[in-house]
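The file coords-v1.txt comes next; it holds compact mmCIF, C-alpha atoms.
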```txt
# COMPACT_ATOMS: atom_id res chain seq x y z
CA MET A 1 0.00 0.00 0.00
CA ALA A 2 2.97 2.27 0.53
CA THR A 3 3.75 1.99 -3.18
CA TRP A 4 0.27 2.99 -4.36
CA LYS A 5 -0.10 5.77 -6.88
CA GLY A 6 -3.40 7.49 -7.37
CA ASN A 7 -6.42 8.04 -5.15
CA PRO A 8 -7.00 5.20 -2.62
CA ASP A 9 -10.71 5.97 -2.81
CA LYS A 10 -10.65 5.03 -6.50
CA PRO A 11 -9.33 1.45 -6.53
CA VAL A 12 -8.12 -0.03 -9.80
CA VAL A 13 -8.68 -3.65 -8.69
CA SER A 14 -11.47 -5.08 -6.55
CA ILE A 15 -10.56 -8.29 -4.73
CA CYS A 16 -13.76 -10.32 -4.34
CA CYS A 17 -13.85 -12.95 -1.62
CA ILE A 18 -16.77 -15.09 -0.42
CA THR A 19 -16.67 -17.01 2.84
CA TYR A 20 -18.70 -19.48 4.81
CA ASN A 21 -17.33 -21.34 7.83
CA HIS A 22 -13.74 -20.72 6.77
CA GLU A 23 -12.37 -20.14 10.27
CA PRO A 24 -9.24 -22.31 9.76
CA TYR A 25 -8.44 -20.68 6.41
CA ILE A 26 -9.65 -17.08 6.20
CA GLU A 27 -6.52 -15.55 7.73
CA ASP A 28 -4.39 -17.09 4.98
CA ALA A 29 -6.69 -15.52 2.39
CA LEU A 30 -6.59 -12.10 4.04
CA GLU A 31 -2.81 -12.16 4.48
CA GLY A 32 -2.47 -13.13 0.82
CA PHE A 33 -4.37 -9.97 -0.08
CA LEU A 34 -2.39 -7.74 2.27
CA ILE A 35 1.04 -8.85 1.02
CA GLN A 36 0.27 -7.63 -2.49
CA GLU A 37 2.74 -5.03 -3.74
CA THR A 38 1.19 -2.83 -6.41
CA ASP A 39 1.58 0.66 -7.81
CA PHE A 40 -2.21 1.05 -7.88
CA PRO A 41 -4.85 1.07 -5.11
CA PHE A 42 -7.11 -1.92 -4.58
CA GLU A 43 -10.04 -2.78 -2.34
CA ILE A 44 -10.98 -6.02 -0.58
CA LEU A 45 -14.67 -6.93 -0.82
CA ILE A 46 -15.68 -9.80 1.47
CA HIS A 47 -19.05 -11.47 1.79
CA ASP A 48 -19.58 -13.71 4.81
CA ASP A 49 -22.68 -15.81 4.37
CA ALA A 50 -23.75 -16.06 8.03
CA SER A 51 -20.90 -18.32 9.12
CA THR A 52 -21.59 -20.32 12.27
CA ASP A 53 -17.94 -20.43 13.34
CA ARG A 54 -15.50 -17.55 14.01
CA THR A 55 -15.01 -16.56 10.37
CA ALA A 56 -16.90 -13.27 10.75
CA ASP A 57 -15.05 -12.45 13.98
CA ILE A 58 -11.69 -12.86 12.26
CA ILE A 59 -12.80 -10.67 9.37
CA ARG A 60 -13.94 -7.99 11.85
CA GLU A 61 -10.48 -8.00 13.46
CA TYR A 62 -8.86 -7.32 10.08
CA GLU A 63 -11.53 -4.77 9.19
CA ALA A 64 -10.71 -2.85 12.37
CA LYS A 65 -7.04 -2.70 11.32
CA TYR A 66 -7.76 -1.75 7.70
CA PRO A 67 -11.16 -0.02 7.69
CA LYS A 68 -10.65 1.78 4.37
CA LEU A 69 -9.31 -1.30 2.62
CA ILE A 70 -11.46 -4.20 3.81
CA LYS A 71 -15.17 -3.82 3.05
CA PRO A 72 -17.20 -6.75 4.36
CA ILE A 73 -20.83 -7.76 4.21
CA TYR A 74 -21.95 -9.87 7.19
CA GLN A 75 -25.13 -11.77 6.48
CA VAL A 76 -27.47 -12.68 9.32
CA GLU A 77 -29.19 -15.37 7.26
CA ASN A 78 -27.43 -17.68 4.83
CA GLN A 79 -28.14 -16.44 1.31
CA TYR A 80 -26.64 -19.38 -0.58
CA SER A 81 -29.20 -21.77 0.92
CA LYS A 82 -31.91 -19.47 -0.45
CA GLY A 83 -30.56 -19.84 -3.96
CA ALA A 84 -28.70 -16.52 -4.12
CA LEU A 85 -25.63 -16.28 -6.35
CA ILE A 86 -23.25 -14.69 -3.91
CA SER A 87 -20.55 -13.01 -5.98
CA PRO A 88 -22.78 -11.70 -8.83
CA THR A 89 -25.35 -10.49 -6.31
CA PHE A 90 -23.31 -9.04 -3.47
CA ASN A 91 -19.68 -8.51 -4.51
CA TYR A 92 -19.35 -7.79 -8.22
CA PRO A 93 -21.98 -5.00 -8.35
CA ARG A 94 -20.21 -2.98 -5.63
CA ALA A 95 -16.76 -3.36 -7.18
CA LYS A 96 -15.24 0.05 -7.90
CA GLY A 97 -12.19 -1.31 -9.66
CA GLN A 98 -11.60 -1.63 -13.37
CA TYR A 99 -10.69 -5.27 -12.74
CA ILE A 100 -11.94 -8.01 -10.42
CA ALA A 101 -9.62 -10.56 -8.81
CA VAL A 102 -11.32 -13.60 -7.30
CA CYS A 103 -10.35 -15.64 -4.24
CA GLU A 104 -12.66 -17.73 -2.06
CA GLY A 105 -12.11 -17.74 1.69
CA ASP A 106 -10.44 -21.14 1.87
CA ASP A 107 -7.95 -20.41 -0.93
CA TYR A 108 -5.04 -18.00 -0.77
CA TRP A 109 -2.44 -16.12 -2.82
CA THR A 110 1.25 -16.82 -2.33
CA TYR A 111 3.05 -14.38 -4.64
CA LYS A 112 3.25 -10.74 -3.58
CA LYS A 113 3.41 -9.48 -7.19
CA LYS A 114 0.42 -11.49 -8.39
CA LEU A 115 -1.97 -8.56 -8.83
CA GLN A 116 0.68 -6.33 -10.37
CA LYS A 117 1.70 -9.05 -12.83
CA GLN A 118 -1.86 -9.65 -13.99
CA TYR A 119 -2.68 -5.95 -14.10
CA ASP A 120 0.36 -5.19 -16.24
CA PHE A 121 -0.61 -7.91 -18.70
CA MET A 122 -4.18 -6.66 -19.03
CA GLU A 123 -3.11 -3.05 -19.48
CA PHE A 124 -0.69 -3.93 -22.26
CA ASN A 125 -3.20 -6.27 -23.94
CA PRO A 126 -6.62 -4.57 -23.98
CA GLU A 127 -8.08 -7.20 -26.32
CA TYR A 128 -8.05 -9.68 -23.42
CA SER A 129 -11.06 -9.92 -21.12
CA ALA A 130 -9.22 -11.90 -18.46
CA CYS A 131 -6.04 -13.67 -17.48
CA ALA A 132 -5.32 -16.53 -15.09
CA HIS A 133 -2.25 -18.35 -13.82
CA ARG A 134 -0.79 -21.57 -12.55
CA ILE A 135 -1.75 -22.66 -9.03
CA GLU A 136 -1.07 -25.43 -6.57
CA VAL A 137 -3.81 -27.76 -5.30
CA LYS A 138 -3.47 -28.53 -1.62
CA PHE A 139 -5.28 -31.51 -0.11
CA GLU A 140 -6.12 -31.24 3.59
CA GLY A 141 -7.85 -34.17 5.26
CA VAL A 142 -8.68 -35.57 1.84
CA GLU A 143 -7.27 -38.74 0.38
CA SER A 144 -7.40 -38.27 -3.35
CA GLU A 145 -5.15 -38.74 -6.34
CA GLU A 146 -7.69 -37.19 -8.66
CA ARG A 147 -6.56 -34.43 -10.97
CA PHE A 148 -8.76 -31.37 -10.67
CA PHE A 149 -7.39 -29.30 -13.52
CA CYS A 150 -6.22 -30.46 -16.94
CA GLU A 151 -3.20 -29.13 -18.82
CA PRO A 152 -3.65 -25.42 -19.54
CA LEU A 153 -4.04 -23.70 -22.87
CA ILE A 154 -1.90 -20.58 -22.86
CA ASP A 155 -3.80 -18.43 -25.36
CA PRO A 156 -6.60 -20.56 -26.83
CA GLU A 157 -8.88 -19.83 -29.73
CA PHE A 158 -12.57 -19.94 -28.90
CA ASN A 159 -13.14 -23.41 -30.37
CA GLU A 160 -10.27 -24.77 -28.25
CA PHE A 161 -11.41 -23.03 -25.10
CA ILE A 162 -15.03 -24.15 -25.18
CA SER A 163 -14.17 -27.79 -25.89
CA VAL A 164 -11.37 -28.26 -23.35
CA LYS A 165 -11.91 -29.52 -19.83
CA ARG A 166 -11.53 -27.17 -16.91
CA TYR A 167 -8.04 -25.75 -16.40
CA ILE A 168 -8.58 -22.31 -14.87
CA ALA A 169 -9.10 -22.02 -11.10
CA MET A 170 -11.15 -19.09 -9.87
CA VAL A 171 -8.44 -18.23 -7.34
CA SER A 172 -6.29 -17.24 -10.32
CA LEU A 173 -8.90 -15.26 -12.27
CA PHE A 174 -8.30 -11.56 -13.01
CA ALA A 175 -11.02 -10.13 -15.24
CA LYS A 176 -12.61 -6.92 -16.49
CA THR A 177 -15.31 -5.76 -14.11
CA SER A 178 -17.49 -4.54 -16.96
CA ILE A 179 -17.79 -8.06 -18.34
CA MET A 180 -18.19 -9.82 -14.99
CA ASN A 181 -21.10 -7.49 -14.25
CA ASN A 182 -22.66 -8.02 -17.66
CA ILE A 183 -23.47 -11.73 -17.55
CA PRO A 184 -26.98 -12.04 -19.06
CA HIS A 185 -30.05 -12.37 -16.88
CA TRP A 186 -30.48 -16.03 -17.82
CA GLY A 187 -26.97 -16.71 -16.52
CA LYS A 188 -27.78 -15.18 -13.17
CA VAL A 189 -30.82 -17.39 -12.88
CA LEU A 190 -28.87 -20.43 -14.03
CA ALA A 191 -26.15 -20.15 -11.46
CA GLY A 192 -23.10 -21.50 -12.66
CA GLY A 193 -20.41 -19.79 -11.50
CA HIS A 194 -17.15 -20.96 -12.87
CA ILE A 195 -17.83 -22.47 -16.29
CA LEU A 196 -20.44 -19.92 -17.30
CA SER A 197 -18.24 -16.99 -16.25
CA LEU A 198 -15.24 -18.29 -18.17
CA HIS A 199 -17.22 -19.00 -21.34
CA TYR A 200 -18.79 -15.56 -21.21
CA LEU A 201 -15.41 -13.89 -20.65
CA ARG A 202 -13.94 -15.75 -23.64
CA MET A 203 -16.91 -14.73 -25.80
CA ASN A 204 -16.08 -11.11 -25.02
CA GLY A 205 -12.31 -11.21 -25.43
CA ARG A 206 -9.32 -13.50 -25.13
CA ILE A 207 -8.12 -15.24 -21.96
CA TYR A 208 -4.41 -15.62 -21.29
CA TYR A 209 -2.87 -18.20 -18.96
CA ILE A 210 0.35 -17.16 -17.18
CA ASN A 211 2.21 -20.42 -16.76
CA ASP A 212 5.67 -19.36 -15.58
CA LYS A 213 4.93 -19.30 -11.85
CA SER A 214 2.42 -20.66 -9.35
CA MET A 215 0.91 -17.68 -7.54
CA ALA A 216 -1.88 -19.17 -5.42
CA VAL A 217 -3.15 -22.25 -3.61
CA HIS A 218 -6.52 -23.89 -4.16
CA ARG A 219 -7.50 -25.98 -1.15
CA LYS A 220 -9.46 -29.22 -1.24
CA ASN A 221 -10.80 -30.03 2.20
CA PRO A 222 -13.81 -31.89 3.63
CA GLY A 223 -15.41 -28.60 4.66
CA GLY A 224 -14.94 -26.96 1.29
CA ILE A 225 -17.99 -26.01 -0.71
CA THR A 226 -17.05 -28.15 -3.69
CA PHE A 227 -15.79 -31.33 -2.07
CA ASN A 228 -17.82 -34.53 -2.04
CA PRO A 229 -15.74 -37.71 -1.74
CA GLY A 230 -18.51 -39.88 -3.12
CA LEU A 231 -18.59 -38.29 -6.54
CA ARG A 232 -16.24 -37.27 -9.31
CA TYR A 233 -15.21 -33.64 -8.99
CA LYS A 234 -16.96 -31.97 -11.90
CA PRO A 235 -20.51 -33.18 -11.17
CA SER A 236 -19.98 -32.47 -7.48
CA LYS A 237 -18.81 -28.94 -8.25
CA MET A 238 -21.63 -28.16 -10.60
CA ALA A 239 -24.30 -29.71 -8.43
CA ARG A 240 -23.13 -27.88 -5.34
CA SER A 241 -22.79 -24.60 -7.17
CA LEU A 242 -26.30 -25.00 -8.53
CA ASN A 243 -27.66 -25.52 -5.03
CA PHE A 244 -28.77 -29.13 -5.37
CA VAL A 245 -29.08 -31.35 -2.34
CA ARG A 246 -29.42 -34.41 -4.53
CA ARG A 247 -26.50 -34.38 -6.99
CA ASP A 248 -28.18 -35.82 -10.01
CA TRP A 249 -26.67 -36.16 -13.49
CA PHE A 250 -29.94 -35.38 -15.22
CA LYS A 251 -30.47 -32.09 -13.43
CA ILE A 252 -26.86 -31.11 -13.98
CA ASN A 253 -26.97 -31.89 -17.68
CA ARG A 254 -30.24 -30.03 -18.15
CA LEU A 255 -28.61 -26.94 -16.69
CA ARG A 256 -25.53 -27.47 -18.84
CA ILE A 257 -27.84 -27.48 -21.86
CA THR A 258 -29.55 -24.32 -20.64
CA MET A 259 -26.14 -22.68 -20.34
CA TYR A 260 -25.09 -23.58 -23.88
CA GLU A 261 -28.47 -22.52 -25.27
CA GLY A 262 -28.09 -19.15 -23.61
CA LEU A 263 -24.50 -18.73 -24.77
CA PHE A 264 -25.56 -19.65 -28.30
CA LEU A 265 -28.11 -16.86 -28.37
CA GLU A 266 -25.63 -14.32 -26.95
CA ALA A 267 -22.62 -15.29 -29.08
CA ARG A 268 -21.36 -13.57 -32.18
CA ASP A 269 -21.91 -15.53 -35.39
CA GLU A 270 -18.27 -16.61 -35.59
CA TYR A 271 -18.58 -18.42 -32.25
CA LYS A 272 -21.97 -20.04 -32.78
CA PRO A 273 -20.69 -23.17 -34.61
CA TYR A 274 -18.43 -24.13 -31.71
CA ILE A 275 -21.14 -23.62 -29.10
CA ALA A 276 -23.53 -25.58 -31.33
CA ASN A 277 -21.07 -28.50 -31.33
CA GLN A 278 -21.15 -28.61 -27.53
CA LEU A 279 -24.91 -28.23 -27.51
CA SER A 280 -25.37 -30.98 -30.08
CA THR A 281 -23.30 -33.39 -27.98
CA ALA A 282 -25.23 -32.45 -24.84
CA TYR A 283 -28.56 -33.05 -26.62
CA MET A 284 -27.45 -36.49 -27.81
CA LYS A 285 -26.21 -37.57 -24.38
CA ALA A 286 -29.31 -36.22 -22.69
CA SER A 287 -31.73 -37.93 -25.06
CA LEU A 288 -30.04 -41.30 -24.55
CA LYS A 289 -29.78 -40.94 -20.78
CA GLU A 290 -33.38 -39.80 -20.46
CA PHE A 291 -34.57 -42.65 -22.69
CA PHE A 292 -32.83 -45.32 -20.61
CA ASN A 293 -34.18 -43.65 -17.48
CA PHE A 294 -37.68 -44.15 -18.97
CA ASN A 295 -38.26 -40.40 -19.18
CA PHE A 296 -39.50 -40.62 -22.75
CA SER A 297 -41.02 -37.13 -22.99
CA ARG A 298 -37.68 -35.48 -22.22
CA ALA A 299 -35.85 -37.88 -24.52
CA ILE A 300 -38.17 -36.88 -27.37
CA LEU A 301 -37.75 -33.19 -26.51
CA TYR A 302 -33.95 -33.39 -26.77
CA CYS A 303 -34.18 -35.37 -30.00
CA PHE A 304 -36.41 -32.68 -31.44
CA LYS A 305 -34.02 -29.94 -30.32
CA LEU A 306 -31.14 -31.81 -31.89
CA ILE A 307 -33.00 -32.09 -35.20
CA VAL A 308 -33.81 -28.38 -35.12
CA LEU A 309 -30.21 -27.52 -34.37
CA ARG A 310 -28.91 -29.67 -37.20
CA SER A 311 -31.43 -29.02 -39.94
CA ASN A 312 -33.12 -25.65 -39.37
CA ILE A 313 -30.42 -23.43 -37.92
CA LYS A 314 -27.97 -24.53 -40.65
CA ILE A 315 -24.79 -23.69 -38.78
CA LEU A 316 -21.46 -24.73 -40.20
CA ASN A 317 -18.60 -25.87 -38.06
CA LYS A 318 -15.04 -24.66 -38.46
CA ASN A 319 -14.35 -27.09 -41.31
CA GLY A 320 -17.41 -25.99 -43.24
CA GLU A 321 -19.30 -29.21 -42.54
CA ALA A 322 -22.90 -29.17 -41.42
CA LEU A 323 -23.30 -30.01 -37.75
```
How does this structure look as structure tokens?
Amino acid sequence: MATWKGNPDKPVVSICCITYNHEPYIEDALEGFLIQETDFPFEILIHDDASTDRTADIIREYEAKYPKLIKPIYQVENQYSKGALISPTFNYPRAKGQYIAVCEGDDYWTYKKKLQKQYDFMEFNPEYSACAHRIEVKFEGVESEERFFCEPLIDPEFNEFISVKRYIAMVSLFAKTSIMNNIPHWGKVLAGGHILSLHYLRMNGRIYYINDKSMAVHRKNPGGITFNPGLRYKPSKMARSLNFVRRDWFKINRLRITMYEGLFLEARDEYKPYIANQLSTAYMKASLKEFFNFNFSRAILYCFKLIVLRSNIKILNKNGEAL
């Protein structure tokens, strides 16, 4: 903060952090914010979702030390359980910065130049909507050899980005506030968090992956919001983020289809063929799964949608072949 240039009341970056029962971890997150060395002012926006442990008390201690820097919201009732999308509802809209940097309360940053490094990249490359970076995954009280992130794509084209498995962790995301606050209304109803945000960011610019240095830690722990040892990671993540108690493939896939349908309508024409490829695959899988689950009406619906997508919309894929 001693190196800041400019008005501290006009932050350039808004750090957005959401917490719930993160008592063992929240200090690491806060210290990771405070060690950042930048030549620009930033703010720390924290949303505590009515934690039942000492998370809010710890945040209050830090707020007392840095009242102009740390700006918390302390909920009395848990908003996530009511279906609220925490960051798009409570943190992103109050961000004053030109950029948003994301870190959940049980993750933390390890490199003091992280924000400066990402800011410098974005300023020199205005065609990019976001950048991310390499992280470490730390298992605590979890026995797992599962890989949570695939090999990264450094500067992918849209068709590569939308077809690849997850490789960007939210703890590494640094994005334009204007885009993060402009996710369509259907996306806010859908929920989605991670995948939807990344697809929408890539539709509105490029995303660069800084792979020369790990700058943060993503924790996997039994108390984490995304961990469920009985399921593979991706369904568990999506189901939890979509506020399902019963983590059911059919519900998850229906929402995945809704996401791609919405992205298809929002996308520029040059991106539509690649989204249509994903949507076509989702329709086929859904129709087969629904059929063998004896849900014939839904199976027929997805078959019909697939036919419409293939024959009536007349979209060509990258190779010029009909979908």
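With distances restricted to all atoms listed in the file, A:Arg54 is the closest residue to Glu27 in chain A from A:Lys5, A:Arg54, A:His47, A:Lys68.
Note that the spacing between CA of Ala101 in chain A and CA of Ile275 in chain A amounts to 26.7 Å.
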Residue with smallest distance to Phe158 in chain A - pool A:Asp48, A:Asp106, A:Ser87, A:Glu270, counting all atoms listed in the file: A:Glu270
Considering only C-alpha atoms, state which residue in the set A:Lys82, A:Pro8, A:Arg254, A:Ala267 is at the smallest distance from Tyr302 in chain A. A:Arg254
List the residues sitting within 7 Å of (-12.8, -17.8, -1.6) in the file's frame, using all atoms listed in the file, as a list in words.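 Here is the list of nearby residues: Cys17, Ile18, Thr19, Cys103, Glu104, Gly105, Asp106 and Asp107 of chain A.
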Please measure the separation of CA of His199 in chain A and CA of Ile162 in chain A, giving the value in Å to one decimal. 6.8 Å
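Put simply, CA of Ile154 in chain A is 9.3 Å away from CA of His133 in chain A.
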Got a sec: who's within 10 Å of Lys138 in chain A, counting all atoms listed in the file, leaving out chain neighbours fewer than 5 positions off, as a PyMOL selection string? chain A and resi 107+217-221
Looking at A:Thr3, A:Gln116, A:Asn91, A:Ser287, which one is nearest to Ile46 in chain A, with distances taken over all atoms listed in the file?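 The answer is A:Asn91, which sits nearest to Ile46 in chain A.
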